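Student: I'd like to ask some things about the structure below.
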Amino acid sequence: STQSTWAYQNVFYQECERMNILLEEVRRSLTDLDLGLKGSLALTTQMQSIAHSLFLDQVPESWTAVSFLSMRPLASWFQSLQERNQQLMDWTIDLQIPKAVWISGFFNPMAFLTAIMQTIALQNSYDLDNMMLTTEVLKKTADQIEAPAREGSYIHGLYMEGARWDGNQGCVEESKMKELYYKMPVLLMKALPIAKVDLRDLFACPVYKTQERGPGYVCTCYLKTKQPARKWVIGGVAMIMDTVE
């Protein structure tokens, strides 16, 4: 129903606004640079700075200022930009929220997770201030999801660093040799009042936008573990949204 999707729609709308600002800056600066190199405009220090960045396969500073958080070099950043833009373009066609949302493609992924909490709080008359996100790891990839979740939302695009998810046992397990980033299956994100959640046998796994971690903290996902959770805490296990090998 429209009532239950307005919070999600709002997030997509805000994402489109941010994407438009970024695309406009990319277009403007490249058009100016083109005119500068052709001699139609005086070359400014900003144009020279952008030309220098392009030459070094780096994202120009004026783009980074309005960009999604990323550690990618320019070529791979641009590819990521196109993929992120595509998810938003698909949404604008019929304003249907994807069956599984590529949450890693958002500027502000936490806004979408907050929308899940708001929606569930409204539907169940819960107090939003005393709620937490709950995470169920499915055995499916995004293309195997046939319908949107009845409650909450399916999300994908996360990688586990420092450990892996064991789909057969349904818990966090030690990484396999040489497997730096384990691609997580689809997660079903819901929310419950904190008092209703049993935190035993769960590992509080932090989620970050990039491998740099710190500034890109998004949220904490509680994942099932058979081993003591502190093993994963000490190992610095986390889930990363955008990995660069």
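Ordering of the structure tokens sets the chain letters (A, B, ...), residue numbers begin anew at 1 in every chain, and ligands are numbered from 1 in the order given.
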List every residue of range 11-156 of chain A that DSSP, applied to the backbone, labels as strand (DSSP E), and write the result as a PyMOL selection string.

Tutor: chain A and resi 100-102+131-137+153-156

Student: Take the residues just selected and output them with N, CA, C and O atoms as a PDB file, in the first residue's frame.

Tutor:
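Full text of part_11.pdb as output:
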ATOM      1  N   ALA A 100      14.439  -6.545  -4.210  1.00  0.00           N
ATOM      2  CA  ALA A 100      15.599  -6.562  -3.308  1.00  0.00           C
ATOM      3  C   ALA A 100      16.380  -5.289  -3.605  1.00  0.00           C
ATOM      4  O   ALA A 100      16.791  -5.057  -4.744  1.00  0.00           O
ATOM      5  N   VAL A 101      16.547  -4.472  -2.594  1.00  0.00           N
ATOM      6  CA  VAL A 101      17.176  -3.159  -2.784  1.00  0.00           C
ATOM      7  C   VAL A 101      18.701  -3.290  -2.691  1.00  0.00           C
ATOM      8  O   VAL A 101      19.226  -3.871  -1.730  1.00  0.00           O
ATOM      9  N   TRP A 102      19.392  -2.763  -3.707  1.00  0.00           N
ATOM     10  CA  TRP A 102      20.864  -2.737  -3.676  1.00  0.00           C
ATOM     11  C   TRP A 102      21.255  -1.560  -2.779  1.00  0.00           C
ATOM     12  O   TRP A 102      21.503  -0.465  -3.228  1.00  0.00           O
ATOM     13  N   MET A 131      13.403   0.994  19.169  1.00  0.00           N
ATOM     14  CA  MET A 131      13.443  -0.118  18.220  1.00  0.00           C
ATOM     15  C   MET A 131      14.855  -0.382  17.718  1.00  0.00           C
ATOM     16  O   MET A 131      15.712   0.490  17.782  1.00  0.00           O
ATOM     17  N   MET A 132      15.073  -1.587  17.214  1.00  0.00           N
ATOM     18  CA  MET A 132      16.367  -1.928  16.613  1.00  0.00           C
ATOM     19  C   MET A 132      16.119  -2.744  15.352  1.00  0.00           C
ATOM     20  O   MET A 132      15.069  -3.371  15.184  1.00  0.00           O
ATOM     21  N   LEU A 133      17.104  -2.728  14.472  1.00  0.00           N
ATOM     22  CA  LEU A 133      17.024  -3.512  13.244  1.00  0.00           C
ATOM     23  C   LEU A 133      17.297  -4.980  13.537  1.00  0.00           C
ATOM     24  O   LEU A 133      18.138  -5.307  14.379  1.00  0.00           O
ATOM     25  N   THR A 134      16.595  -5.862  12.847  1.00  0.00           N
ATOM     26  CA  THR A 134      16.892  -7.294  12.945  1.00  0.00           C
ATOM     27  C   THR A 134      17.274  -7.782  11.544  1.00  0.00           C
ATOM     28  O   THR A 134      16.796  -7.251  10.546  1.00  0.00           O
ATOM     29  N   THR A 135      18.162  -8.771  11.519  1.00  0.00           N
ATOM     30  CA  THR A 135      18.716  -9.241  10.240  1.00  0.00           C
ATOM     31  C   THR A 135      18.537 -10.741  10.093  1.00  0.00           C
ATOM     32  O   THR A 135      18.940 -11.507  10.965  1.00  0.00           O
ATOM     33  N   GLU A 136      17.921 -11.145   9.001  1.00  0.00           N
ATOM     34  CA  GLU A 136      17.829 -12.567   8.686  1.00  0.00           C
ATOM     35  C   GLU A 136      18.578 -12.792   7.381  1.00  0.00           C
ATOM     36  O   GLU A 136      18.308 -12.123   6.383  1.00  0.00           O
ATOM     37  N   VAL A 137      19.556 -13.703   7.401  1.00  0.00           N
ATOM     38  CA  VAL A 137      20.336 -13.978   6.194  1.00  0.00           C
ATOM     39  C   VAL A 137      19.657 -15.100   5.418  1.00  0.00           C
ATOM     40  O   VAL A 137      19.446 -16.190   5.950  1.00  0.00           O
ATOM     41  N   SER A 153      12.365  -5.179   4.407  1.00  0.00           N
ATOM     42  CA  SER A 153      12.829  -5.143   3.017  1.00  0.00           C
ATOM     43  C   SER A 153      14.012  -6.086   2.812  1.00  0.00           C
ATOM     44  O   SER A 153      14.832  -6.268   3.711  1.00  0.00           O
ATOM     45  N   TYR A 154      14.068  -6.687   1.620  1.00  0.00           N
ATOM     46  CA  TYR A 154      15.241  -7.464   1.234  1.00  0.00           C
ATOM     47  C   TYR A 154      16.308  -6.488   0.762  1.00  0.00           C
ATOM     48  O   TYR A 154      16.017  -5.572  -0.010  1.00  0.00           O
ATOM     49  N   ILE A 155      17.532  -6.669   1.229  1.00  0.00           N
ATOM     50  CA  ILE A 155      18.636  -5.835   0.756  1.00  0.00           C
ATOM     51  C   ILE A 155      19.803  -6.732   0.317  1.00  0.00           C
ATOM     52  O   ILE A 155      19.918  -7.873   0.751  1.00  0.00           O
ATOM     53  N   HIS A 156      20.648  -6.188  -0.565  1.00  0.00           N
ATOM     54  CA  HIS A 156      21.830  -6.950  -0.996  1.00  0.00           C
ATOM     55  C   HIS A 156      22.967  -5.983  -1.315  1.00  0.00           C
ATOM     56  O   HIS A 156      22.776  -4.764  -1.330  1.00  0.00           O
TER      57      HIS A 156
END

Student: Which of range 8-241 of chain A counts as helix (DSSP H, G or I) under DSSP, as a PyMOL selection string please?

Tutor: chain A and resi 8-38+45-55+61-64+74-94+103-105+109-124+128-130+142-144+194-196+214-216+229-234

Student: Identify, on the basis of only C-alpha atoms, every residue whose closest approach to range 191-196 of chain A does not exceed 12 Å; exclude the query and any residue fewer than 2 positions from it along the same chain; express the result as a tab-separated table (two decimals) with N, CA and C atoms, in the first residue's frame.

Tutor:
chain	number	residue	atom	x	y	z
A	113	LEU	N	17.34	2.15	5.94
A	113	LEU	CA	17.15	1.29	7.11
A	113	LEU	C	16.23	1.97	8.13
A	114	THR	N	16.37	3.29	8.25
A	114	THR	CA	15.49	4.05	9.14
A	114	THR	C	14.05	3.98	8.64
A	115	ALA	N	13.89	4.02	7.30
A	115	ALA	CA	12.55	3.92	6.70
A	115	ALA	C	11.90	2.58	7.04
A	116	ILE	N	12.71	1.51	7.09
A	116	ILE	CA	12.19	0.19	7.48
A	116	ILE	C	11.65	0.26	8.91
A	117	MET	N	12.43	0.88	9.81
A	117	MET	CA	12.01	1.00	11.21
A	117	MET	C	10.74	1.85	11.33
A	118	GLN	N	10.70	2.97	10.60
A	118	GLN	CA	9.52	3.85	10.64
A	118	GLN	C	8.27	3.11	10.18
A	119	THR	N	8.41	2.39	9.08
A	119	THR	CA	7.26	1.69	8.49
A	119	THR	C	6.72	0.63	9.44
A	120	ILE	N	7.62	-0.17	10.02
A	120	ILE	CA	7.19	-1.24	10.93
A	120	ILE	C	6.62	-0.65	12.22
A	121	ALA	N	7.21	0.45	12.69
A	121	ALA	CA	6.70	1.12	13.90
A	121	ALA	C	5.26	1.61	13.67
A	122	LEU	N	5.03	2.19	12.48
A	122	LEU	CA	3.68	2.68	12.14
A	122	LEU	C	2.67	1.54	12.06
A	123	GLN	N	3.07	0.47	11.38
A	123	GLN	CA	2.15	-0.66	11.18
A	123	GLN	C	1.77	-1.34	12.48
A	124	ASN	N	2.71	-1.33	13.46
A	124	ASN	CA	2.49	-2.07	14.70
A	124	ASN	C	2.32	-1.19	15.93
A	125	SER	N	2.26	0.13	15.71
A	125	SER	CA	2.16	1.10	16.82
A	125	SER	C	3.29	0.92	17.84
A	126	TYR	N	4.51	0.69	17.35
A	126	TYR	CA	5.68	0.60	18.23
A	126	TYR	C	6.26	2.00	18.43
A	127	ASP	N	7.03	2.15	19.51
A	127	ASP	CA	7.74	3.41	19.76
A	127	ASP	C	9.07	3.38	19.01
A	128	LEU	N	9.20	4.24	18.02
A	128	LEU	CA	10.39	4.24	17.14
A	128	LEU	C	11.69	4.38	17.92
A	129	ASP	N	11.67	5.15	19.00
A	129	ASP	CA	12.90	5.41	19.77
A	129	ASP	C	13.45	4.15	20.45
A	130	ASN	N	12.60	3.16	20.66
A	130	ASN	CA	13.06	1.95	21.36
A	130	ASN	C	13.10	0.74	20.45
A	131	MET	N	13.40	0.99	19.17
A	131	MET	CA	13.44	-0.12	18.22
A	131	MET	C	14.85	-0.38	17.72
A	132	MET	N	15.07	-1.59	17.21
A	132	MET	CA	16.37	-1.93	16.61
A	132	MET	C	16.12	-2.74	15.35
A	133	LEU	N	17.10	-2.73	14.47
A	133	LEU	CA	17.02	-3.51	13.24
A	133	LEU	C	17.30	-4.98	13.54
A	134	THR	N	16.59	-5.86	12.85
A	134	THR	CA	16.89	-7.29	12.94
A	134	THR	C	17.27	-7.78	11.54
A	135	THR	N	18.16	-8.77	11.52
A	135	THR	CA	18.72	-9.24	10.24
A	135	THR	C	18.54	-10.74	10.09
A	136	GLU	N	17.92	-11.15	9.00
A	136	GLU	CA	17.83	-12.57	8.69
A	136	GLU	C	18.58	-12.79	7.38
A	151	GLU	N	7.04	-7.79	5.17
A	151	GLU	CA	7.37	-6.81	6.20
A	151	GLU	C	8.87	-6.55	6.11
A	152	GLY	N	9.26	-5.28	6.28
A	152	GLY	CA	10.68	-4.94	6.14
A	152	GLY	C	11.08	-4.91	4.68
A	153	SER	N	12.36	-5.18	4.41
A	153	SER	CA	12.83	-5.14	3.02
A	153	SER	C	14.01	-6.09	2.81
A	188	LEU	N	17.19	-10.07	4.92
A	188	LEU	CA	15.86	-9.53	5.18
A	188	LEU	C	15.99	-8.64	6.41
A	189	MET	N	15.82	-7.33	6.20
A	189	MET	CA	15.93	-6.38	7.30
A	189	MET	C	14.55	-6.02	7.82
A	198	ASP	N	16.07	-11.22	21.53
A	198	ASP	CA	17.00	-12.02	22.33
A	198	ASP	C	18.38	-11.92	21.69
A	199	LEU	N	19.30	-11.23	22.38
A	199	LEU	CA	20.61	-10.98	21.79
A	199	LEU	C	21.62	-12.10	22.03
A	221	CYS	N	24.39	-4.94	12.30
A	221	CYS	CA	23.50	-6.06	12.00
A	221	CYS	C	23.78	-7.18	12.99
A	222	TYR	N	22.75	-7.73	13.58
A	222	TYR	CA	22.93	-8.82	14.54
A	222	TYR	C	22.82	-10.15	13.82

Student: At a cut-off of 10 Å, using only C-alpha atoms, what residues contact Asp143 in chain A? Leave out same-chain residues fewer than 2 positions from it and give the result as a VMD selection string.

Tutor: chain A and resid 99 to 100 140 to 141 145 to 146 186

Student: I want to know what sits within 6 Å of range 43-58 of chain A, based on only C-alpha atoms, with residues of the same chain fewer than 3 positions away left out; could you give that as a count of residues only?

Tutor: 4

Student: Which neighbours of Asn108 in chain A fall inside 9 Å, counting only C-alpha atoms, when residues of the same chain fewer than 3 positions from it are skipped, and could you give them as a list in words?

Tutor: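 Those residues are Val11, Glu15, Phe68, Ile103, Ser104, Gly105, Ala111, Phe112 and Val218 of chain A.
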
Student: Given only C-alpha atoms as the basis, pick out the residue of A:Thr5, A:Ser62, A:Thr92, A:Gln14 nearest to Arg27 in chain A.

Tutor: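 Selected residue with least distance to Arg27 in chain A: A:Ser62.
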
Student: State, in Å with one decimal place, the distance from CA of Ile234 in chain A to CA of Phe203 in chain A.

Tutor: 11.5 Å

Student: Within 12 Å of Cys16 in chain A, counting only C-alpha atoms, which residues qualify if same-chain residues fewer than 5 places away don't, as a PyMOL selection string?

Tutor: chain A and resi 9-11+21-24+84-92+95+105-108
